[in-house]
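J.: Have a look at the structure that comes next, please.
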Amino acid sequence: MEELFYIFSFIAIFSALMVVIMRNPLTSALYLILCFFALAGLYVMLDMQFLAAMQILVYAGAIMVLVVLVIMLLNISRIKNVKSDLHQKIIGILIALILFIEIIVYIYNGAQKNPTGIFTEALIKKVGNTKIIGQFLFTVYMLPFEIASVLLLVAIVGAYLFAKKKY
Amino acid sequence: MLFGLIADIIKILIVFAGLLMSAAYLTLLERKIAARIQNRMGPMEAGFHGLLQPIADGIKLFFKEDIIPSGANRLLFFLAPIIVVIPALTTFAVIPFGAPVKIMGHIVPLQVADVNIGILFILALTSLGVYGVVLGGWASNSKYSLLGAIRTAAQMISYEIPLVLSIIGVIMIAGDLSLSKIVSEQSNIWFVVYQPVGFIIYLIASTAEMNRVPFDLGEAEGELVAGFHTEYSSMEFAFYFIGEYAQMVVNSAIIVTLFLGGWQGPFLPSVLWFLIKVFFVILIYLWLRWTYPRLRYDELMDLGWKVLLPLALANIVVTGFIMILIKG
């Protein structure tokens, strides 16, 4: 199992790098899809099959299709003479720094912990984690779940308003 | 352990060989049925009533010159037809095609892998088939191909949502995502009785997902030459064909598993029941193709977003209400 983890994480990191390095936006998008697959593999290894399926169904199957569609519609085959100014550099460096600090914090606090709740590994195997996720979403975490769905609704209405606006 | 491994390998080989063979012979079936509907004979020369026609076609395509258009993205041009075939073949891994059999004291389920998220696995993989079409159209460096690819991508996004929502009713009644559980829940009554609307929505949306007439706007011969595979020839073209027909078999198998009781049936062996049901669903797809004219593009979008999507949502709500009323 450990070898699988290294294979998946190597693919994930390699493809994530290629997304940034590649000049052609479509190739970048394809590497991003590969990255999502590697992440899905990692989720399966963590016994989160539901999350893995959703990762592929939603990100690789729906969102990336839209991204590829937009790239093809605009027909940007190659990014030419990219303009970069000071603002971009400052923001980029800041984000990279914050991410780096986050990683360090995770590594320091990321020692293996034993599960504290009633959900032991045996119980999760028996009931299936999809059922447990469902139960939690509609009981304990009802409010955040509904707020997230309202947020999506607002986004849809907003997109509609923009599309309908006549210039 | 060893027995299980050998059994798995044999099952995988059977599924692969079966799917590829049926994909090849579906081309003949389609031509024969088209001929019937149009009151002609269909292929008659190669073998008895054209039985060797798929093999002849295969040999012809194999020896054809492989033309790559200038300015095409070579790697993607080669990869795209393969991307169509692989999800179609892999999806069949979770579909149970027969009752568990007992061989040498071991119980072998006739299903390559019983995943506990069966339906989601199928939905995730079938949503990937579109990449083959879209990338093929883009990599060809031809305006007709690109137009076909863009149309297909937009169509796929519109029809994916009703497709997923139409299945949710089945999941609610069965109370499980695993396909073997869903089949065993249907031992008394098929889910098509509880979910007639879901069944019809799935049938329509899957036809659109497979790019078949009346939803084949990606290839629309009248306007786009041949759409996304205009520039393809030789084996790559054959791969698109295999992918399309394998998808048809897989979609029929999904419909049989979710709505028509899977492999369950009286008297005959379970595998035979499964094959008979799949065959009838395939016949429906073929029948649709040779009966309806192609939709116009705006009609296609209207049907997806304004008819199928609200219907699918209403179906979920009504199913939920009835389930609560019955259970008290």
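Each chain in the structure tokens gets a letter, A, B and so on, in the order shown; residues start at 1 in every chain, and ligands are counted from 1 in the order they appear.
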Could you find all residues in region 48-279 of chain B that DSSP calls strand (DSSP E) from the backbone, and write them as a PyMOL selection string?
T.: chain B and resi 98-103+106-110
J.: Using only C-alpha atoms and a distance of at most 9 Å, pull out the residues of chain A that contact chain B, as a ChimeraX atom specification.
T.: /A:49-50,53-58,60-62,65-66,68-70,72-73,128,130-131
J.: For Val281 (chain B), work out the shell of residues within 7 Å, counting only C-alpha atoms and skipping chain neighbours fewer than 4 positions away, then give it as a list in words.
T.: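 Counting only the stated atoms, we get Ser252, Lys277 and Tyr285 of chain B.
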J.: Which of region 266-322 of chain B counts as alpha helix (DSSP H) under DSSP, as number ranges by chain please?
T.: B: 270-289, 297-302, 309-322
J.: Fewer than 6 positions away in the same chain doesn't count, so skip those; otherwise give me all residues within 10 Å of Gly262 (chain B), counting only C-alpha atoms, as a list in words.
T.: Ile95, Pro96, Phe97, Gly98, Ala99, Leu179, Ser180, Ile182, Val183, Ser184, Gln186, Ser187, Trp190, Ala253, Ile254, Ile255, Val256, Ser270, Val271, Trp273, Phe274, Leu275, Lys277 and Val278 of chain B
J.: Could you write those residues out with C-alpha atoms, as an mmCIF file, in the first residue's frame?
T.:
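Result written to selection.cif:
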```
data_model
loop_
_atom_site.group_PDB
_atom_site.id
_atom_site.type_symbol
_atom_site.label_atom_id
_atom_site.label_comp_id
_atom_site.auth_asym_id
_atom_site.auth_seq_id
_atom_site.Cartn_x
_atom_site.Cartn_y
_atom_site.Cartn_z
ATOM 1 C CA ILE B 95 -22.125 -4.425 -13.326
ATOM 2 C CA PRO B 96 -23.360 -7.819 -12.051
ATOM 3 C CA PHE B 97 -24.147 -9.949 -15.090
ATOM 4 C CA GLY B 98 -25.436 -13.099 -13.369
ATOM 5 C CA ALA B 99 -26.364 -14.773 -10.086
ATOM 6 C CA LEU B 179 -25.205 -2.535 -7.762
ATOM 7 C CA SER B 180 -25.457 -6.106 -6.429
ATOM 8 C CA ILE B 182 -29.822 -2.864 -6.082
ATOM 9 C CA VAL B 183 -30.334 -6.021 -8.142
ATOM 10 C CA SER B 184 -31.282 -8.107 -5.099
ATOM 11 C CA GLN B 186 -35.597 -5.962 -7.286
ATOM 12 C CA SER B 187 -36.345 -9.647 -6.689
ATOM 13 C CA TRP B 190 -38.631 -4.163 -11.091
ATOM 14 C CA ALA B 253 -26.531 -3.023 -19.056
ATOM 15 C CA ILE B 254 -26.831 -0.100 -16.622
ATOM 16 C CA ILE B 255 -30.501 0.374 -17.519
ATOM 17 C CA VAL B 256 -31.140 -3.354 -17.054
ATOM 18 C CA SER B 270 -29.478 -15.724 -14.882
ATOM 19 C CA VAL B 271 -26.753 -14.808 -17.394
ATOM 20 C CA TRP B 273 -31.810 -13.318 -18.706
ATOM 21 C CA PHE B 274 -29.274 -10.528 -18.426
ATOM 22 C CA LEU B 275 -28.254 -10.894 -22.065
ATOM 23 C CA LYS B 277 -32.770 -7.825 -21.390
ATOM 24 C CA VAL B 278 -29.640 -6.006 -22.586
#
```
J.: Find the residues around region 33-40 of chain A up to 6 Å (only C-alpha atoms counted), leave out those fewer than 3 positions away in its own chain, and share them as a list in words.
T.: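 The residues that qualify are Phe8, Ala12, Ser15, Leu30, Tyr43, Ala52 and Ala60 of chain A.
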J.: Quick one: residues within 10 Å of Phe5 (chain A), only C-alpha atoms counted, chain neighbours fewer than 5 positions away excluded, as a list of chain:residue names?
T.: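 Final neighbour list, sorted by chain and number: A:Phe10, A:Ile11, A:Ala38, A:Gly41, A:Leu42, A:Met45, A:Leu46.
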J.: Only N, CA, C and O atoms, please: the residues just picked out, written as a short mmCIF file (atom, residue, chain, number, x, y, z; two decimals), in the first residue's frame.
T.:
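Contents of the output file selection_5.cif:
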```cif
data_model
loop_
_atom_site.label_atom_id
_atom_site.label_comp_id
_atom_site.auth_asym_id
_atom_site.auth_seq_id
_atom_site.Cartn_x
_atom_site.Cartn_y
_atom_site.Cartn_z
N PHE A 10 3.48 11.02 -6.38
CA PHE A 10 4.42 11.47 -7.43
C PHE A 10 3.65 12.00 -8.64
O PHE A 10 3.96 13.09 -9.15
N ILE A 11 2.61 11.23 -9.07
CA ILE A 11 1.82 11.67 -10.22
C ILE A 11 1.17 13.02 -9.91
O ILE A 11 1.17 13.94 -10.75
N ALA A 38 -5.04 11.40 -9.62
CA ALA A 38 -4.10 10.97 -8.59
C ALA A 38 -4.68 11.25 -7.20
O ALA A 38 -4.58 10.41 -6.29
N GLY A 41 -7.15 8.68 -6.34
CA GLY A 41 -6.47 7.47 -5.89
C GLY A 41 -6.08 7.57 -4.42
O GLY A 41 -6.27 6.62 -3.65
N LEU A 42 -5.59 8.73 -4.02
CA LEU A 42 -5.21 8.91 -2.61
C LEU A 42 -6.44 8.79 -1.71
O LEU A 42 -6.38 8.21 -0.63
N MET A 45 -7.32 5.26 -1.11
CA MET A 45 -6.42 4.64 -0.13
C MET A 45 -6.79 5.02 1.29
O MET A 45 -6.50 4.28 2.23
N LEU A 46 -7.45 6.17 1.47
CA LEU A 46 -7.89 6.59 2.81
C LEU A 46 -9.28 6.05 3.13
O LEU A 46 -9.92 6.50 4.07
#
```
J.: Rank A:Ala163, A:Val140, A:Leu32, A:Val19 by their smallest atom-to-atom distance to Met64 (chain A), using only C-alpha atoms, and report the top residue only.
T.: A:Leu32
